[in-house]
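A.B. asks: Following this line is entry_26.csv, made up of CSV, C-alpha atoms:
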```csv
chain,number,residue,atom,x,y,z
A,1,MET,CA,205.1,-49.9,91.0
A,2,SER,CA,204.5,-53.0,93.0
A,3,TYR,CA,204.3,-54.7,96.3
A,4,GLU,CA,207.9,-56.0,95.9
A,5,ILE,CA,209.2,-52.4,95.5
A,6,VAL,CA,207.5,-51.1,98.6
A,7,GLU,CA,208.5,-54.2,100.7
A,8,ALA,CA,212.1,-53.6,99.6
A,9,MET,CA,211.9,-49.9,100.5
A,10,LEU,CA,210.6,-50.8,104.0
A,11,ALA,CA,213.3,-53.4,104.5
A,12,ARG,CA,216.0,-50.9,103.4
A,13,ARG,CA,214.7,-48.6,106.2
A,14,GLY,CA,214.8,-51.4,108.7
A,15,VAL,CA,211.1,-52.4,108.7
A,16,GLN,CA,210.2,-56.0,108.1
A,17,ILE,CA,206.6,-57.1,107.3
A,18,GLU,CA,206.7,-59.4,110.3
A,19,ALA,CA,207.4,-56.5,112.7
A,20,ILE,CA,204.3,-54.7,111.4
A,21,ALA,CA,202.3,-58.0,111.7
A,22,GLU,CA,203.4,-58.2,115.4
A,23,ILE,CA,201.8,-54.8,116.0
A,24,VAL,CA,198.6,-56.0,114.2
A,25,TYR,CA,198.5,-59.1,116.3
A,26,GLN,CA,198.8,-57.0,119.5
A,27,LEU,CA,195.9,-54.8,118.4
A,28,GLN,CA,193.6,-57.7,117.4
A,29,LYS,CA,194.5,-60.7,119.6
A,30,GLY,CA,192.0,-59.7,122.4
A,31,TYR,CA,189.1,-59.8,119.8
A,32,HIS,CA,190.2,-62.9,117.9
A,33,PRO,CA,191.6,-65.6,120.2
A,34,GLU,CA,192.1,-67.8,117.1
A,35,LEU,CA,194.2,-65.1,115.3
A,36,THR,CA,197.7,-66.2,114.2
A,37,MET,CA,200.8,-64.3,113.2
A,38,ASP,CA,200.3,-65.7,109.7
A,39,ASP,CA,196.9,-64.1,109.5
A,40,CYS,CA,198.5,-60.8,110.5
A,41,VAL,CA,201.3,-61.1,107.9
A,42,ILE,CA,198.6,-61.8,105.2
A,43,SER,CA,196.7,-58.7,106.3
A,44,VAL,CA,199.7,-56.5,106.1
A,45,LYS,CA,200.7,-57.8,102.7
A,46,SER,CA,197.1,-57.3,101.5
A,47,VAL,CA,197.1,-53.7,102.6
A,48,LEU,CA,200.5,-53.2,100.8
A,49,GLN,CA,198.9,-54.5,97.6
A,50,LYS,CA,196.8,-51.4,97.4
A,51,ARG,CA,198.3,-48.9,94.9
A,52,GLU,CA,197.3,-45.8,97.0
A,53,VAL,CA,199.1,-47.3,100.0
A,54,GLN,CA,202.2,-47.9,97.9
A,55,TYR,CA,202.2,-44.3,96.6
A,56,THR,CA,201.9,-43.0,100.2
A,57,LEU,CA,204.8,-45.1,101.4
A,58,TYR,CA,206.9,-44.0,98.4
A,59,THR,CA,206.3,-40.4,99.1
A,60,GLY,CA,207.0,-40.5,102.9
A,61,ILE,CA,210.1,-42.7,102.6
A,62,ALA,CA,211.5,-40.5,99.8
A,63,LEU,CA,211.0,-37.3,102.0
A,64,ASP,CA,212.8,-39.0,104.9
A,65,GLU,CA,215.7,-40.1,102.7
A,66,LEU,CA,216.0,-36.7,101.1
A,67,ALA,CA,216.1,-35.1,104.6
A,68,GLU,CA,218.9,-37.5,105.6
A,69,LYS,CA,220.9,-36.3,102.6
A,70,ARG,CA,220.1,-32.7,103.4
A,71,LEU,CA,218.5,-32.2,100.0
A,72,LEU,CA,215.2,-30.5,101.1
A,73,PRO,CA,214.8,-26.7,100.9
A,74,GLN,CA,214.7,-24.7,104.1
A,75,PRO,CA,212.8,-24.4,106.3
A,76,LEU,CA,211.5,-27.9,105.5
A,77,GLN,CA,215.0,-29.4,106.0
A,78,ALA,CA,215.3,-27.9,109.5
A,79,ILE,CA,211.8,-29.0,110.4
A,80,MET,CA,212.5,-32.6,109.4
A,81,GLU,CA,215.9,-32.7,111.2
A,82,ALA,CA,214.2,-31.5,114.4
A,83,ASP,CA,211.2,-33.8,113.9
A,84,GLU,CA,209.1,-30.7,114.8
A,85,SER,CA,206.1,-31.7,117.0
A,86,LEU,CA,203.8,-29.3,115.3
A,87,TYR,CA,204.6,-30.6,111.8
A,88,GLY,CA,201.6,-32.8,111.2
A,89,VAL,CA,202.0,-33.6,107.6
A,90,ASP,CA,203.5,-37.0,108.5
A,91,GLU,CA,200.3,-37.9,110.4
A,92,THR,CA,198.2,-36.5,107.6
A,93,LEU,CA,199.9,-38.7,105.0
A,94,ALA,CA,199.6,-41.8,107.3
A,95,LEU,CA,195.9,-41.2,107.8
A,96,GLY,CA,195.4,-41.8,104.1
A,97,ILE,CA,196.4,-45.4,104.7
A,98,THR,CA,194.2,-45.8,107.8
A,99,HIS,CA,191.1,-44.7,105.9
A,100,VAL,CA,191.4,-47.6,103.5
A,101,PHE,CA,189.5,-49.7,106.0
A,102,GLY,CA,187.3,-47.2,107.7
A,103,MET,CA,187.1,-45.5,111.1
A,104,ILE,CA,188.4,-48.4,113.2
A,105,GLY,CA,191.7,-47.8,111.4
A,106,LEU,CA,191.7,-44.2,112.6
A,107,THR,CA,191.2,-45.1,116.2
A,108,SER,CA,193.9,-47.7,116.0
A,109,PHE,CA,196.3,-45.2,114.4
A,110,GLY,CA,195.6,-42.7,117.2
A,111,TYR,CA,196.5,-45.4,119.8
A,112,LEU,CA,199.7,-46.4,117.9
A,113,ASP,CA,200.8,-42.8,117.3
A,114,LYS,CA,200.5,-42.2,121.1
A,115,GLU,CA,201.9,-45.5,122.4
A,116,LYS,CA,204.5,-46.1,119.7
A,117,ILE,CA,204.8,-49.9,120.2
A,118,GLY,CA,207.2,-52.3,118.5
A,119,VAL,CA,209.0,-51.2,115.4
A,120,ILE,CA,207.2,-47.8,115.6
A,121,HIS,CA,209.0,-47.1,118.8
A,122,ASP,CA,212.3,-48.2,117.3
A,123,LEU,CA,211.8,-45.9,114.3
A,124,ASN,CA,210.8,-43.0,116.6
A,125,GLU,CA,214.1,-43.5,118.6
A,126,HIS,CA,215.9,-43.1,115.3
A,127,GLY,CA,219.4,-41.8,116.3
A,128,SER,CA,221.0,-40.3,113.2
A,129,ALA,CA,218.3,-41.6,110.8
A,130,ILE,CA,215.3,-39.5,109.9
A,131,HIS,CA,212.0,-41.3,110.2
A,132,VAL,CA,209.6,-38.3,110.4
A,133,PHE,CA,207.2,-40.0,108.0
A,134,LEU,CA,208.1,-43.7,108.3
A,135,ASP,CA,207.1,-44.2,112.0
A,136,ASP,CA,203.6,-42.7,111.2
A,137,LEU,CA,203.4,-44.6,107.9
A,138,VAL,CA,204.1,-47.9,109.7
A,139,ALA,CA,201.5,-47.0,112.3
A,140,GLY,CA,199.0,-46.3,109.6
A,141,LEU,CA,199.8,-49.6,107.8
A,142,ALA,CA,199.5,-51.6,111.0
A,143,ALA,CA,196.2,-49.8,111.8
A,144,ALA,CA,194.8,-50.5,108.4
A,145,ALA,CA,195.9,-54.2,108.5
A,146,SER,CA,194.3,-54.5,112.0
A,147,ALA,CA,191.0,-52.9,110.7
A,148,ARG,CA,191.0,-55.3,107.8
A,149,ILE,CA,191.1,-58.2,110.2
A,150,ALA,CA,188.3,-56.6,112.3
A,151,HIS,CA,186.1,-56.2,109.2
A,152,LYS,CA,186.7,-59.8,108.1
A,153,ASN,CA,185.7,-61.2,111.5
A,154,ILE,CA,183.1,-63.8,110.8
A,155,LYS,CA,182.1,-63.8,114.5
A,156,ALA,CA,181.1,-60.1,114.4
A,157,LYS,CA,177.7,-59.6,116.0
A,158,GLN,CA,174.8,-59.8,113.6
A,159,TYR,CA,171.8,-57.5,113.9
A,160,PRO,CA,168.2,-57.9,112.8
A,161,GLY,CA,167.9,-56.8,109.2
A,162,ASP,CA,171.5,-57.7,108.3
A,163,VAL,CA,171.7,-59.3,104.9
```
Represent the structure of the file as structure tokens.
C.D. replies:
Amino acid sequence: MSYEIVEAMLARRGVQIEAIAEIVYQLQKGYHPELTMDDCVISVKSVLQKREVQYTLYTGIALDELAEKRLLPQPLQAIMEADESLYGVDETLALGITHVFGMIGLTSFGYLDKEKIGVIHDLNEHGSAIHVFLDDLVAGLAAAASARIAHKNIKAKQYPGDV
């Protein structure tokens, strides 16, 4: 298991690291005028280094791919094909990624899940492909990478008693 495997899986499904970094940039540019796309790519790659994130991506991508091949048992197959709105397991799995960097990741994920910007929108408008999990996993990944940048902001306000 490695970063390279998960990056290849994402690419196979049409998701490039740079596309996720663009979402991170949109989320953070208002708070960090000096932020660059390179900073965002580094943050996405850093989140992807975490084994728990890799495992989550492997699981969700595998379920999407099995659904495309019609290999899931019923009624799960029908739920996945319909992208059933009350099926929240995809969001639940993605939330595991957002929690890696705290509550700010959760709020960013909620925004991305609602607005579906960038590659998340493209995945959601999937045509014949099934991306029930992948659109939410990418949103979770972007939210975590964004939260990572927010936590590393050296210009964050200092309070009395901070060490």
A.B. asks: Hey, what's within 10 Å of segment 51-59 of chain A if we count all atoms listed in the file and toss same-chain stuff fewer than 2 positions away? As number ranges by chain, please?
C.D. replies: A: 1-3, 5-7, 9-10, 47-49, 61-64, 93-98, 100, 133-134, 137-138, 140-141, 144
A.B. asks: Mind checking which residues fall within 9 Å of Phe101 of chain A, counting all atoms listed in the file, ignoring those fewer than 4 positions away in the same chain, and posting them as a VMD selection string?
C.D. replies: chain A and resid 97 105 to 106 143 to 145 147 to 148 151
A.B. asks: Mind checking which residues fall within 7 Å of segment 128-132 of chain A, counting all atoms listed in the file, ignoring those fewer than 5 positions away in the same chain, and posting them as a PyMOL selection string?
C.D. replies: chain A and resi 64+67-68+80-81+83+90+123
A.B. asks: Which one of A:Leu35, A:Ala78, A:Leu72, A:Ile23 sits closest to Lys152 of chain A if you count only C-alpha atoms?
C.D. replies: A:Leu35
A.B. asks: So how far away is atom CA of Thr36 of chain A from atom CA of Ala21 of chain A, in Å?
C.D. replies: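 Distance between the two atoms: 9.7 Å.
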A.B. asks: Rounded to one decimal in Å, what is the spacing between atom CA of His99 of chain A and atom CA of Glu65 of chain A?
C.D. replies: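 Distance reported for this atom pair: 25.2 Å.
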A.B. asks: Just want the 12 Å neighbourhood of Tyr25 of chain A, counted on only C-alpha atoms, with same-chain residues fewer than 2 positions away dropped. Output as a ChimeraX atom specification.
C.D. replies: /A:18-23,27-44,117-118,142-143,145-150
A.B. asks: My list of candidates is A:Asp122, A:Asp136, A:Glu115, A:Glu4. Which is closest to Val89 of chain A when distances are computed with all atoms listed in the file?
C.D. replies: A:Asp136
A.B. asks: Just how far from atom CA of Asp113 of chain A is atom CA of Ile17 of chain A, in Å to one decimal?
C.D. replies: 18.4 Å
A.B. asks: Calculated over all atoms listed in the file, which of the candidates A:Gly127, A:Arg13, A:Gly102, A:Val24 has the smallest distance to Ala139 of chain A?
C.D. replies: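 The answer is A:Val24, which sits nearest to Ala139 of chain A.
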A.B. asks: May I have the protein, DNA and RNA residues with any atom at most 12 Å from the point (200.3, -39.9, 120.4), counting only C-alpha atoms, written as a ChimeraX atom specification?
C.D. replies: /A:85,88,91,107-117,120-121,124,135-136,139
